[in-house]
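Q: input-v5.cif is the file, holding mmCIF, C-alpha atoms:
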data_query
#
loop_
_atom_site.label_atom_id
_atom_site.label_comp_id
_atom_site.auth_asym_id
_atom_site.auth_seq_id
_atom_site.Cartn_x
_atom_site.Cartn_y
_atom_site.Cartn_z
CA MET S 147 113.74 -28.48 50.41
CA ALA S 148 114.47 -30.32 47.19
CA ASP S 149 110.82 -31.31 46.95
CA LEU S 150 109.75 -27.68 47.23
CA ASP S 151 112.12 -26.62 44.46
CA LYS S 152 110.79 -29.35 42.18
CA GLU S 153 107.18 -28.36 42.88
CA TYR S 154 108.01 -24.72 42.11
CA LEU S 155 109.61 -25.69 38.80
CA ASP S 156 106.57 -27.75 37.80
CA GLU S 157 104.24 -24.82 38.40
CA SER S 158 106.48 -22.55 36.29
CA GLU S 159 106.49 -25.02 33.41
CA ILE S 160 102.70 -25.28 33.54
CA LYS S 161 102.28 -21.50 33.45
CA SER S 162 104.72 -21.24 30.57
CA SER S 163 102.86 -23.94 28.62
CA LYS S 164 99.51 -22.20 29.14
CA LYS S 165 100.96 -18.91 27.87
CA LYS S 166 102.18 -20.67 24.72
CA VAL S 167 98.73 -22.15 24.08
CA ILE S 168 97.04 -18.77 24.54
CA VAL S 169 99.49 -17.08 22.18
CA LYS S 170 98.96 -19.82 19.59
CA ASN S 171 95.17 -19.47 19.80
CA ILE S 172 95.43 -15.70 19.44
CA ILE S 173 97.51 -16.15 16.29
CA ILE S 174 95.03 -18.66 14.80
CA ILE S 175 92.05 -16.40 15.55
CA SER S 176 93.87 -13.42 14.05
CA VAL S 177 94.60 -15.37 10.85
CA ILE S 178 90.94 -16.46 10.57
CA ILE S 179 89.73 -12.88 11.02
CA LEU S 180 92.20 -11.66 8.42
CA LEU S 181 91.11 -14.30 5.88
CA THR S 182 87.45 -13.50 6.51
CA LEU S 183 88.06 -9.80 5.92
CA LEU S 184 89.92 -10.57 2.70
CA ALA S 185 87.09 -12.82 1.49
CA LEU S 186 84.49 -10.13 2.22
CA PHE S 187 86.62 -7.59 0.37
CA PHE S 188 86.86 -9.72 -2.77
CA ILE S 189 83.15 -10.62 -2.70
CA LYS S 190 82.22 -6.95 -2.46
CA LYS S 191 84.62 -6.12 -5.27
CA SER S 192 83.17 -8.90 -7.42
CA LYS S 193 79.61 -7.64 -6.88
CA ASN S 194 80.61 -4.12 -7.85
CA LYS S 195 82.39 -5.15 -11.06
CA GLY S 196 80.43 -8.30 -12.05
CA HIS S 197 83.76 -10.04 -12.70
CA GLY S 198 87.26 -10.31 -11.30
CA ALA S 199 88.23 -12.74 -8.61
CA PHE S 200 84.78 -14.43 -8.67
CA GLY S 201 83.39 -13.01 -11.88
CA GLY S 202 83.80 -16.33 -13.68
CA LEU S 203 81.40 -17.89 -11.19
CA GLY S 204 78.49 -15.58 -11.95
CA GLY S 205 75.21 -17.44 -11.49
CA PHE S 206 76.81 -20.35 -9.62
CA GLY S 207 76.74 -20.80 -5.88
CA GLY S 208 75.46 -17.28 -5.28
CA PHE S 209 78.59 -15.48 -6.55
CA GLY S 210 78.27 -12.61 -9.01
CA ASN S 211 75.25 -10.52 -9.87
CA SER S 212 72.45 -12.88 -10.92
CA SER S 213 70.77 -10.14 -12.93
CA GLU S 214 73.75 -10.22 -15.31
CA VAL S 215 73.53 -13.98 -15.95
CA VAL S 216 72.61 -14.84 -19.55
CA THR S 217 71.25 -18.36 -20.04
CA PRO S 218 71.68 -20.06 -23.43
CA VAL S 219 68.38 -21.59 -24.59
CA ARG S 220 66.76 -23.18 -27.60
CA THR S 221 63.28 -22.18 -28.73
CA ILE S 222 60.47 -23.14 -31.06
CA THR S 223 57.68 -21.10 -32.63
CA ALA S 224 54.20 -22.00 -31.36
CA LYS S 225 52.23 -22.73 -34.55
CA ASP S 226 48.85 -24.20 -35.47
CA THR S 227 50.14 -27.69 -36.22
CA LEU S 228 47.76 -30.46 -37.26
CA LEU S 229 47.88 -33.28 -34.70
CA LYS S 230 46.84 -36.69 -36.03
CA ASP S 231 45.89 -39.10 -33.28
CA PHE S 232 46.46 -42.79 -33.90
CA VAL S 233 46.17 -46.34 -32.61
CA THR S 234 48.96 -48.88 -32.96
CA THR S 235 48.34 -52.60 -33.27
CA ASN S 236 49.63 -55.71 -35.04
CA GLY S 237 48.25 -57.44 -38.10
CA GLU S 238 48.67 -60.31 -40.53
CA ILE S 239 49.06 -59.91 -44.28
CA GLU S 240 46.73 -62.23 -46.17
CA THR S 241 45.31 -62.65 -49.65
CA GLN S 242 41.96 -61.02 -50.26
CA THR S 243 40.70 -64.28 -51.77
CA ALA S 244 41.73 -67.69 -50.43
CA ILE S 245 40.09 -71.07 -50.90
CA GLU S 246 40.85 -74.40 -49.30
CA VAL S 247 40.99 -77.33 -51.73
CA PHE S 248 39.38 -80.68 -50.84
CA PRO S 249 39.48 -84.01 -52.72
CA SER S 250 36.26 -85.44 -54.13
CA MET S 251 37.18 -88.96 -52.98
CA SER S 252 38.96 -90.57 -50.04
CA GLY S 253 42.15 -92.47 -50.61
CA GLU S 254 45.90 -92.16 -50.86
CA VAL S 255 47.76 -89.19 -52.37
CA VAL S 256 49.79 -90.75 -55.18
CA GLN S 257 50.90 -87.66 -57.11
CA VAL S 258 51.38 -83.95 -56.27
CA ASN S 259 51.94 -81.47 -59.12
CA VAL S 260 52.47 -78.23 -57.15
CA SER S 261 54.55 -76.84 -54.30
CA LEU S 262 54.28 -73.88 -51.95
CA GLY S 263 54.07 -70.66 -53.99
CA SER S 264 53.35 -72.35 -57.34
CA PRO S 265 51.02 -70.40 -59.67
CA VAL S 266 47.94 -72.29 -60.84
CA LYS S 267 45.02 -71.62 -63.13
CA LYS S 268 41.44 -72.62 -62.56
CA GLY S 269 41.05 -76.29 -63.58
CA ASP S 270 44.75 -77.22 -63.23
CA VAL S 271 45.35 -80.62 -61.64
CA ILE S 272 46.94 -80.14 -58.24
CA ALA S 273 47.18 -83.80 -57.18
CA TYR S 274 45.86 -87.31 -57.79
CA ILE S 275 44.09 -89.49 -55.24
CA ASP S 276 43.99 -93.31 -55.53
CA PRO S 277 40.66 -94.43 -54.01
CA SER S 278 41.50 -98.14 -54.47
CA THR S 279 41.02 -100.52 -51.54
CA PRO S 280 42.12 -104.15 -51.12
CA GLY S 281 40.23 -106.16 -53.72
CA ALA S 282 38.87 -103.07 -55.48
CA TYR S 283 40.83 -100.98 -57.94
CA TYR S 284 39.72 -97.59 -59.25
CA ALA S 285 41.10 -94.95 -61.57
CA LYS S 286 43.07 -92.12 -59.95
CA SER S 287 40.88 -89.15 -58.97
CA PRO S 288 42.25 -85.69 -59.91
CA VAL S 289 42.12 -82.73 -57.50
CA THR S 290 41.74 -79.53 -59.51
CA ALA S 291 42.18 -75.85 -58.68
CA PRO S 292 38.79 -74.14 -58.14
CA ILE S 293 40.28 -70.66 -58.81
CA SER S 294 43.39 -69.14 -60.34
CA GLY S 295 46.09 -67.96 -57.95
CA SER S 296 49.07 -69.29 -56.04
CA ILE S 297 49.55 -72.17 -53.62
CA LEU S 298 49.51 -70.63 -50.13
CA SER S 299 50.04 -73.70 -47.95
CA THR S 300 52.24 -76.77 -48.27
CA PRO S 301 50.28 -79.44 -50.20
CA SER S 302 49.65 -82.88 -48.78
CA LYS S 303 52.58 -85.23 -49.36
CA THR S 304 52.61 -88.31 -51.55
CA GLY S 305 51.49 -91.37 -49.58
CA ALA S 306 49.25 -89.42 -47.20
CA LYS S 307 45.80 -90.85 -46.50
CA VAL S 308 43.03 -88.28 -47.06
CA SER S 309 39.27 -88.05 -46.91
CA THR S 310 36.77 -85.71 -48.48
CA SER S 311 37.17 -83.41 -45.43
CA SER S 312 40.96 -83.23 -45.70
CA VAL S 313 42.48 -79.97 -46.95
CA ILE S 314 44.91 -80.73 -49.75
CA THR S 315 46.17 -77.14 -49.96
CA LYS S 316 45.02 -73.49 -50.04
CA ILE S 317 44.93 -71.25 -53.12
CA GLY S 318 44.88 -67.44 -53.05
CA ASP S 319 45.45 -64.37 -55.18
CA ILE S 320 48.80 -62.98 -54.02
CA GLU S 321 48.48 -59.97 -56.32
CA ASN S 322 45.79 -58.53 -54.07
CA LEU S 323 46.78 -58.56 -50.40
CA GLN S 324 45.08 -57.23 -47.28
CA ILE S 325 45.94 -56.70 -43.62
CA THR S 326 43.79 -58.17 -40.88
CA ALA S 327 44.15 -56.37 -37.54
CA LYS S 328 42.33 -56.24 -34.21
CA ILE S 329 41.49 -52.94 -32.48
CA PRO S 330 40.97 -52.77 -28.66
CA GLU S 331 37.41 -52.10 -27.53
CA ARG S 332 38.21 -48.63 -26.13
CA PHE S 333 38.98 -47.37 -29.64
CA VAL S 334 36.12 -48.90 -31.64
CA ALA S 335 34.02 -45.70 -31.50
CA GLU S 336 36.69 -44.00 -33.62
CA LEU S 337 36.73 -46.58 -36.41
CA ARG S 338 35.51 -45.52 -39.87
CA ILE S 339 35.69 -46.91 -43.38
CA GLY S 340 38.40 -45.12 -45.37
CA GLN S 341 40.67 -44.31 -42.41
CA LYS S 342 44.32 -44.11 -43.40
CA ALA S 343 47.05 -46.27 -41.90
CA GLU S 344 50.80 -46.76 -42.14
CA ILE S 345 52.03 -50.36 -42.37
CA SER S 346 55.55 -51.34 -41.29
CA LEU S 347 57.18 -54.69 -42.04
CA GLU S 348 60.12 -56.22 -40.19
CA ALA S 349 61.67 -57.20 -43.51
CA TYR S 350 61.89 -53.54 -44.60
CA PRO S 351 62.74 -51.35 -41.57
CA GLY S 352 62.03 -47.68 -42.09
CA VAL S 353 59.76 -48.27 -45.11
CA ILE S 354 56.10 -47.21 -44.83
CA PHE S 355 53.37 -48.90 -46.88
CA PRO S 356 50.14 -46.81 -46.93
CA ALA S 357 46.80 -48.60 -46.52
CA SER S 358 43.13 -47.82 -45.91
CA VAL S 359 40.33 -49.45 -43.89
CA VAL S 360 37.87 -51.24 -46.19
CA ARG S 361 35.89 -53.38 -43.76
CA ILE S 362 34.99 -53.24 -40.04
CA SER S 363 33.58 -56.26 -38.26
CA PRO S 364 29.98 -55.67 -37.09
CA VAL S 365 30.63 -57.60 -33.86
CA LEU S 366 33.12 -57.41 -31.02
CA ASP S 367 35.15 -60.49 -30.11
CA ALA S 368 34.02 -61.15 -26.54
CA SER S 369 37.07 -63.27 -25.71
CA THR S 370 39.68 -60.69 -26.71
CA ARG S 371 37.57 -57.49 -26.36
CA THR S 372 38.69 -56.43 -29.84
CA LYS S 373 37.07 -55.65 -33.17
CA GLU S 374 38.56 -56.93 -36.42
CA ILE S 375 39.27 -54.56 -39.29
CA ILE S 376 40.46 -55.23 -42.83
CA LEU S 377 42.80 -52.85 -44.63
CA ASN S 378 43.86 -52.84 -48.28
CA PHE S 379 47.21 -51.50 -49.46
CA ASP S 380 46.82 -48.27 -51.43
CA LYS S 381 49.02 -49.78 -54.14
CA SER S 382 50.46 -53.20 -54.81
CA ASP S 383 54.12 -53.80 -54.02
CA SER S 384 56.11 -56.89 -54.98
CA ARG S 385 58.04 -56.69 -51.72
CA ILE S 386 54.96 -57.58 -49.70
CA ASP S 387 54.23 -61.27 -49.21
CA ALA S 388 51.23 -63.06 -47.77
CA GLY S 389 51.97 -64.35 -44.27
CA MET S 390 54.15 -61.40 -43.24
CA PHE S 391 53.73 -59.83 -39.80
CA ALA S 392 52.63 -56.19 -39.94
CA LYS S 393 52.75 -53.27 -37.53
CA VAL S 394 49.74 -51.03 -38.06
CA LYS S 395 49.56 -47.31 -37.21
CA LEU S 396 45.92 -46.37 -37.75
CA TYR S 397 45.08 -42.64 -37.78
CA THR S 398 41.82 -41.95 -35.95
CA SER S 399 41.29 -38.23 -35.19
CA GLU S 400 42.73 -34.85 -36.21
CA TYR S 401 43.08 -31.75 -34.01
CA SER S 402 43.94 -28.20 -35.02
CA GLY S 403 43.22 -24.54 -34.22
CA TYR S 404 45.62 -24.05 -31.30
CA PRO S 405 49.36 -23.43 -30.92
CA VAL S 406 51.35 -26.63 -30.46
CA ILE S 407 54.60 -27.17 -28.50
CA PRO S 408 56.69 -30.19 -27.45
CA GLN S 409 55.74 -31.75 -24.12
CA ASP S 410 59.31 -31.22 -22.84
CA SER S 411 58.80 -27.44 -23.01
CA LEU S 412 56.38 -27.52 -20.08
CA VAL S 413 57.33 -26.74 -16.48
CA ASN S 414 55.12 -28.44 -13.88
CA ASN S 415 54.58 -26.64 -10.58
CA ASN S 416 51.99 -28.05 -8.15
CA ASP S 417 49.92 -29.49 -11.01
CA ASN S 418 49.97 -26.16 -12.82
CA TYR S 419 51.79 -25.94 -16.14
CA PHE S 420 53.97 -23.06 -17.31
CA VAL S 421 56.11 -22.15 -20.31
CA TYR S 422 58.75 -19.48 -20.84
CA VAL S 423 57.92 -17.10 -23.68
CA VAL S 424 60.62 -14.98 -25.32
CA ASN S 425 59.75 -11.30 -24.96
CA GLU S 426 59.73 -8.86 -27.89
CA ASP S 427 63.25 -7.68 -26.99
CA GLY S 428 64.49 -11.21 -27.76
CA GLN S 429 66.72 -11.10 -24.66
CA THR S 430 64.37 -11.83 -21.76
CA VAL S 431 61.56 -14.26 -21.01
CA SER S 432 58.16 -14.20 -19.34
CA LYS S 433 56.74 -17.09 -17.35
CA ARG S 434 53.20 -17.95 -18.49
CA GLN S 435 50.67 -20.38 -17.07
CA VAL S 436 48.99 -22.44 -19.81
CA THR S 437 45.95 -24.67 -20.25
CA LEU S 438 46.69 -27.96 -21.97
CA GLY S 439 44.60 -29.44 -24.76
CA LYS S 440 45.08 -32.65 -26.77
CA ILE S 441 48.38 -34.48 -26.69
CA VAL S 442 49.58 -36.60 -29.62
CA ASP S 443 52.95 -38.31 -29.82
CA GLY S 444 54.64 -35.93 -27.34
CA TYR S 445 53.10 -32.66 -28.62
CA TYR S 446 50.53 -30.60 -26.70
CA GLN S 447 47.92 -28.13 -27.84
CA LEU S 448 47.89 -24.97 -25.67
CA LEU S 449 44.32 -23.74 -25.19
CA THR S 450 45.33 -20.60 -23.27
CA GLY S 451 48.48 -18.71 -22.28
CA VAL S 452 50.32 -18.56 -25.62
CA GLU S 453 49.56 -16.82 -28.90
CA MET S 454 50.35 -18.09 -32.37
CA GLY S 455 53.85 -17.14 -33.49
CA GLU S 456 55.34 -16.63 -30.03
CA ARG S 457 58.64 -18.33 -29.35
CA ILE S 458 58.72 -20.86 -26.53
CA VAL S 459 61.83 -22.04 -24.69
CA THR S 460 62.31 -25.79 -25.23
CA GLU S 461 65.77 -26.28 -23.70
CA GLY S 462 67.37 -24.48 -20.76
CA MET S 463 64.12 -23.43 -19.06
CA LEU S 464 64.85 -25.21 -15.75
CA THR S 465 67.23 -22.42 -14.66
CA LEU S 466 64.95 -19.58 -15.78
CA SER S 467 62.59 -17.33 -13.85
CA GLN S 468 60.40 -14.34 -14.66
CA GLY S 469 62.48 -11.76 -16.54
CA SER S 470 65.60 -13.93 -16.90
CA LYS S 471 68.06 -12.92 -19.59
CA ILE S 472 68.61 -15.43 -22.39
CA LYS S 473 70.61 -16.04 -25.51
CA ASP S 474 68.72 -17.98 -28.17
CA ILE S 475 71.16 -20.48 -29.71
CA THR S 476 68.57 -22.20 -31.89
CA LYS S 477 70.25 -22.93 -35.23
CA ASN S 478 67.16 -22.58 -37.38
CA ARG S 479 65.00 -19.84 -35.91
CA GLY S 480 62.30 -20.58 -38.43
CA ASN S 481 61.22 -23.77 -36.64
#
Would you write out, as structure tokens, the structure that this file holds?

A:
Amino acid sequence: MADLDKEYLDESEIKSSKKKVIVKNIIIISVIILLTLLALFFIKKSKNKGHGAFGGLGGFGGFGNSSEVVTPVRTITAKDTLLKDFVTTNGEIETQTAIEVFPSMSGEVVQVNVSLGSPVKKGDVIAYIDPSTPGAYYAKSPVTAPISGSILSTPSKTGAKVSTSSVITKIGDIENLQITAKIPERFVAELRIGQKAEISLEAYPGVIFPASVVRISPVLDASTRTKEIILNFDKSDSRIDAGMFAKVKLYTSEYSGYPVIPQDSLVNNNDNYFVYVVNEDGQTVSKRQVTLGKIVDGYYQLLTGVEMGERIVTEGMLTLSQGSKIKDITKNRGN
């Protein structure tokens, strides 16, 4: 009998526990439904007013009325800008005239009258050579400067043995300097006498020294696949020294006649290029497909799709679409 009572109590407890679980679930479901209804109410209210509980989130995550979103952008006016194509290379600054000096006799260098950079005039004695040998004594032989200029290389030292094929030093005119540069084969068709160039020197960062092409080699160097050019500085400058390393920016071609915009203004979609043009109202944009022309230093010519004087979005276009509202925050609208 006791076992029956215990079994009856267990069944009652189980039924009571199940009822509690059901009631708890009903409460949870009711709360969820209530919260859902409240959320729908506020979303609907936000759409009707464009602000309020979710108004501050307009344009983000789907909240708010997207047609009311105003995107801040920066723009530029598409103008007929001259594009100057160029080639960059390296060069060496040298004297236009340089001559190696040789002794007229073999022997020992017994006296040196110059040092690196010394100015000399034609006929000046640079050094003396003693051609004497054991058992035979001769007068010292002078080595003279064949031209006026400056000593460009370190002269032979006293005590050195030299022959008639030994270079004692090199003399050049440091008042008239030139740049020797090599141009890759793919650009040689664009080379012309008189082309302008900008020369940069590591010793003077930010300073540009203008130069012009005065000579083009008639042959191509087969080992390097380059052609040598010579440029003269447009004006002499005491800051420039022979032997300096030069960076050469040689202008080759010029392009004009089409509106020009920065490359970053373009939107690429499946290999088609688009830009956003500010409409006449100044508050909306139109999406235009364009045909690209020449590109120089990050700027593209637009052959079709944009007219001269139209304003093109350069920043903020990634969130735009046809007819989007904008606010132009460009500081200088004249650009």

Q: Provide the CA of Ala224 in chain S to CA of Lys473 in chain S distance in Å, to one decimal place.

A: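 Result for CA of Ala224 in chain S versus CA of Lys473 in chain S: 18.4 Å, one decimal.
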
Q: With distances taken over only C-alpha atoms, which of S:Ile178, S:Tyr284, S:Ile472, S:Thr315 is nearest to Asp427 in chain S?

A: S:Ile472

Q: Take the PyMOL selection byres ((chain S and resi 258) around 9), apply it to the structure above, and return the hits as a list in words.

A: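 Selected by the PyMOL selection byres ((chain S and resi 258) around 9) here: Val255, Val256, Gln257, Asn259, Val260, Ser261, Val271, Ile272, Ala273, Tyr274, Pro301, Ser302, Lys303 and Thr304 of chain S.
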
Q: Hey, what's within 9 Å of Ile345 in chain S if we count only C-alpha atoms and toss same-chain stuff fewer than 4 positions away? As JSON, numbers by chain, please?

A: {"S": [325, 353, 354, 355, 356, 357, 379, 392, 393, 394, 395, 396]}

Q: On this structure, which residues satisfy the PyMOL selection byres ((chain S and resi 418) around 10), written as a list in words?

A: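 In the shown coordinates, the PyMOL selection byres ((chain S and resi 418) around 10) covers Leu412, Val413, Asn414, Asn415, Asn416, Asp417, Tyr419, Phe420, Gln435, Val436, Thr437 and Leu438 of chain S.
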
Q: Given all atoms listed in the file as the basis, pick out the residue of S:Leu377, S:Val219, S:Ile407, S:Ala327 nearest to Gly340 in chain S.

A: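 The shortest atom-to-atom distance to Gly340 in chain S comes from S:Leu377.
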
Q: If you measure from CA of Ile458 in chain S to CA of Val423 in chain S, what distance in Å do you get, rounded to one decimal?

A: 4.8 Å

Q: Convert the output of the PyMOL selection byres ((chain S and resi 286) around 6) on the shown file into explicit residues, formatted as JSON, numbers by chain.

A: {"S": [274, 275, 276, 285, 287]}

Q: Just want the 10 Å neighbourhood of Ile329 in chain S, counted on all atoms listed in the file, with same-chain residues fewer than 2 positions away dropped. Output as a compact mmCIF listing (two decimals) with C-alpha atoms, keeping the file's coordinate frame.

A:
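Once written, result28.txt looks like this:
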# COMPACT_ATOMS: atom_id res chain seq x y z
CA VAL S 233 46.17 -46.34 -32.61
CA THR S 234 48.96 -48.88 -32.96
CA THR S 235 48.34 -52.60 -33.27
CA ASN S 236 49.63 -55.71 -35.04
CA GLY S 237 48.25 -57.44 -38.10
CA ALA S 327 44.15 -56.37 -37.54
CA GLU S 331 37.41 -52.10 -27.53
CA ARG S 332 38.21 -48.63 -26.13
CA PHE S 333 38.98 -47.37 -29.64
CA VAL S 334 36.12 -48.90 -31.64
CA LEU S 337 36.73 -46.58 -36.41
CA ILE S 362 34.99 -53.24 -40.04
CA LEU S 366 33.12 -57.41 -31.02
CA THR S 370 39.68 -60.69 -26.71
CA ARG S 371 37.57 -57.49 -26.36
CA THR S 372 38.69 -56.43 -29.84
CA LYS S 373 37.07 -55.65 -33.17
CA GLU S 374 38.56 -56.93 -36.42
CA ILE S 375 39.27 -54.56 -39.29
CA LEU S 396 45.92 -46.37 -37.75

Q: For Leu449 in chain S, which residue out of S:Ser467, S:Thr243, S:Thr182, S:Ser402 is the nearest one, using all atoms listed in the file?

A: S:Ser402

Q: Using all atoms listed in the file, which of S:Ala368, S:Leu180, S:Met251, S:Leu262 sits nearest Ser311 in chain S?

A: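 Result for the nearest residue to Ser311 in chain S: S:Met251.
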
Q: Quick one: residues within 9 Å of Glu348 in chain S, only C-alpha atoms counted, chain neighbours fewer than 2 positions away excluded, as a PyMOL selection string?

A: chain S and resi 346+350-352+390-393

Q: Between CA of Thr300 in chain S and CA of Ser278 in chain S, what is the distance in Å, rounded to a tenth?

A: 24.7 Å

Q: Nearest to Lys440 in chain S among S:Val421, S:Val452, S:Ile173, S:Leu229, with distances taken over only C-alpha atoms: which residue is it?

A: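 Comparing S:Val421, S:Val452, S:Ile173, S:Leu229 against Lys440 in chain S, the winner is S:Leu229.
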
Q: Between S:Glu344, S:Asp226, S:Asp270, S:Glu336, which one has atoms that come closest to Asn378 in chain S, using only C-alpha atoms?

A: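 Of all the options, S:Glu344 lies closest to Asn378 in chain S.
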
Q: With N, CA and C atoms as the atom set, please write range 437-463 of chain S from the structure just given, as a JSON list (two decimals), in the first residue's frame.

A:
[["chain", "number", "residue", "atom", "x", "y", "z"],
["S", 437, "THR", "N", 34.28, 56.54, -71.54],
["S", 437, "THR", "CA", 35.34, 55.89, -72.32],
["S", 437, "THR", "C", 36.66, 56.56, -71.95],
["S", 438, "LEU", "N", 37.63, 55.75, -71.57],
["S", 438, "LEU", "CA", 38.91, 56.28, -71.09],
["S", 438, "LEU", "C", 39.87, 56.54, -72.24],
["S", 439, "GLY", "N", 40.64, 57.62, -72.10],
["S", 439, "GLY", "CA", 41.69, 57.94, -73.06],
["S", 439, "GLY", "C", 43.05, 57.74, -72.43],
["S", 440, "LYS", "N", 43.96, 58.68, -72.65],
["S", 440, "LYS", "CA", 45.33, 58.59, -72.12],
["S", 440, "LYS", "C", 45.34, 58.79, -70.61],
["S", 441, "ILE", "N", 46.25, 58.08, -69.96],
["S", 441, "ILE", "CA", 46.46, 58.29, -68.52],
["S", 441, "ILE", "C", 47.89, 58.74, -68.31],
["S", 442, "VAL", "N", 48.07, 59.79, -67.50],
["S", 442, "VAL", "CA", 49.39, 60.31, -67.17],
["S", 442, "VAL", "C", 49.41, 60.66, -65.69],
["S", 443, "ASP", "N", 50.28, 59.98, -64.96],
["S", 443, "ASP", "CA", 50.52, 60.32, -63.55],
["S", 443, "ASP", "C", 49.22, 60.34, -62.73],
["S", 444, "GLY", "N", 48.33, 59.35, -62.97],
["S", 444, "GLY", "CA", 47.12, 59.23, -62.17],
["S", 444, "GLY", "C", 45.94, 60.04, -62.64],
["S", 445, "TYR", "N", 46.02, 60.66, -63.84],
["S", 445, "TYR", "CA", 44.92, 61.45, -64.41],
["S", 445, "TYR", "C", 44.52, 60.88, -65.77],
["S", 446, "TYR", "N", 43.20, 60.69, -65.95],
["S", 446, "TYR", "CA", 42.65, 60.12, -67.18],
["S", 446, "TYR", "C", 41.96, 61.17, -68.03],
["S", 447, "GLN", "N", 42.14, 61.03, -69.35],
["S", 447, "GLN", "CA", 41.28, 61.74, -70.29],
["S", 447, "GLN", "C", 39.98, 60.94, -70.43],
["S", 448, "LEU", "N", 38.83, 61.64, -70.52],
["S", 448, "LEU", "CA", 37.55, 60.99, -70.77],
["S", 448, "LEU", "C", 37.12, 61.32, -72.20],
["S", 449, "LEU", "N", 37.10, 60.29, -73.05],
["S", 449, "LEU", "CA", 36.77, 60.51, -74.46],
["S", 449, "LEU", "C", 35.27, 60.69, -74.66],
["S", 450, "THR", "N", 34.46, 59.99, -73.86],
["S", 450, "THR", "CA", 33.01, 60.13, -73.93],
["S", 450, "THR", "C", 32.41, 60.04, -72.53],
["S", 451, "GLY", "N", 31.18, 60.57, -72.39],
["S", 451, "GLY", "CA", 30.44, 60.42, -71.14],
["S", 451, "GLY", "C", 30.39, 61.66, -70.28],
["S", 452, "VAL", "N", 31.33, 62.57, -70.45],
["S", 452, "VAL", "CA", 31.40, 63.78, -69.62],
["S", 452, "VAL", "C", 31.70, 64.98, -70.50],
["S", 453, "GLU", "N", 31.04, 66.10, -70.21],
["S", 453, "GLU", "CA", 31.27, 67.34, -70.94],
["S", 453, "GLU", "C", 32.20, 68.25, -70.13],
["S", 454, "MET", "N", 32.87, 69.13, -70.85],
["S", 454, "MET", "CA", 33.72, 70.11, -70.18],
["S", 454, "MET", "C", 32.90, 70.94, -69.19],
["S", 455, "GLY", "N", 33.46, 71.17, -68.01],
["S", 455, "GLY", "CA", 32.81, 72.01, -67.03],
["S", 455, "GLY", "C", 31.89, 71.29, -66.07],
["S", 456, "GLU", "N", 31.58, 70.03, -66.33],
["S", 456, "GLU", "CA", 30.72, 69.28, -65.41],
["S", 456, "GLU", "C", 31.53, 68.89, -64.18],
["S", 457, "ARG", "N", 30.82, 68.82, -63.04],
["S", 457, "ARG", "CA", 31.49, 68.48, -61.80],
["S", 457, "ARG", "C", 31.37, 66.99, -61.54],
["S", 458, "ILE", "N", 32.52, 66.39, -61.22],
["S", 458, "ILE", "CA", 32.61, 64.94, -61.03],
["S", 458, "ILE", "C", 32.92, 64.65, -59.57],
["S", 459, "VAL", "N", 32.23, 63.67, -59.00],
["S", 459, "VAL", "CA", 32.47, 63.27, -57.62],
["S", 459, "VAL", "C", 33.81, 62.54, -57.55],
["S", 460, "THR", "N", 34.68, 62.99, -56.64],
["S", 460, "THR", "CA", 35.99, 62.37, -56.47],
["S", 460, "THR", "C", 36.13, 61.63, -55.15],
["S", 461, "GLU", "N", 35.30, 61.97, -54.16],
["S", 461, "GLU", "CA", 35.30, 61.29, -52.87],
["S", 461, "GLU", "C", 33.86, 61.07, -52.42],
["S", 462, "GLY", "N", 33.59, 59.86, -51.93],
["S", 462, "GLY", "CA", 32.25, 59.55, -51.43],
["S", 462, "GLY", "C", 31.38, 58.83, -52.44],
["S", 463, "MET", "N", 31.93, 58.50, -53.63],
["S", 463, "MET", "CA", 31.08, 57.93, -54.69],
["S", 463, "MET", "C", 30.75, 56.46, -54.47]]
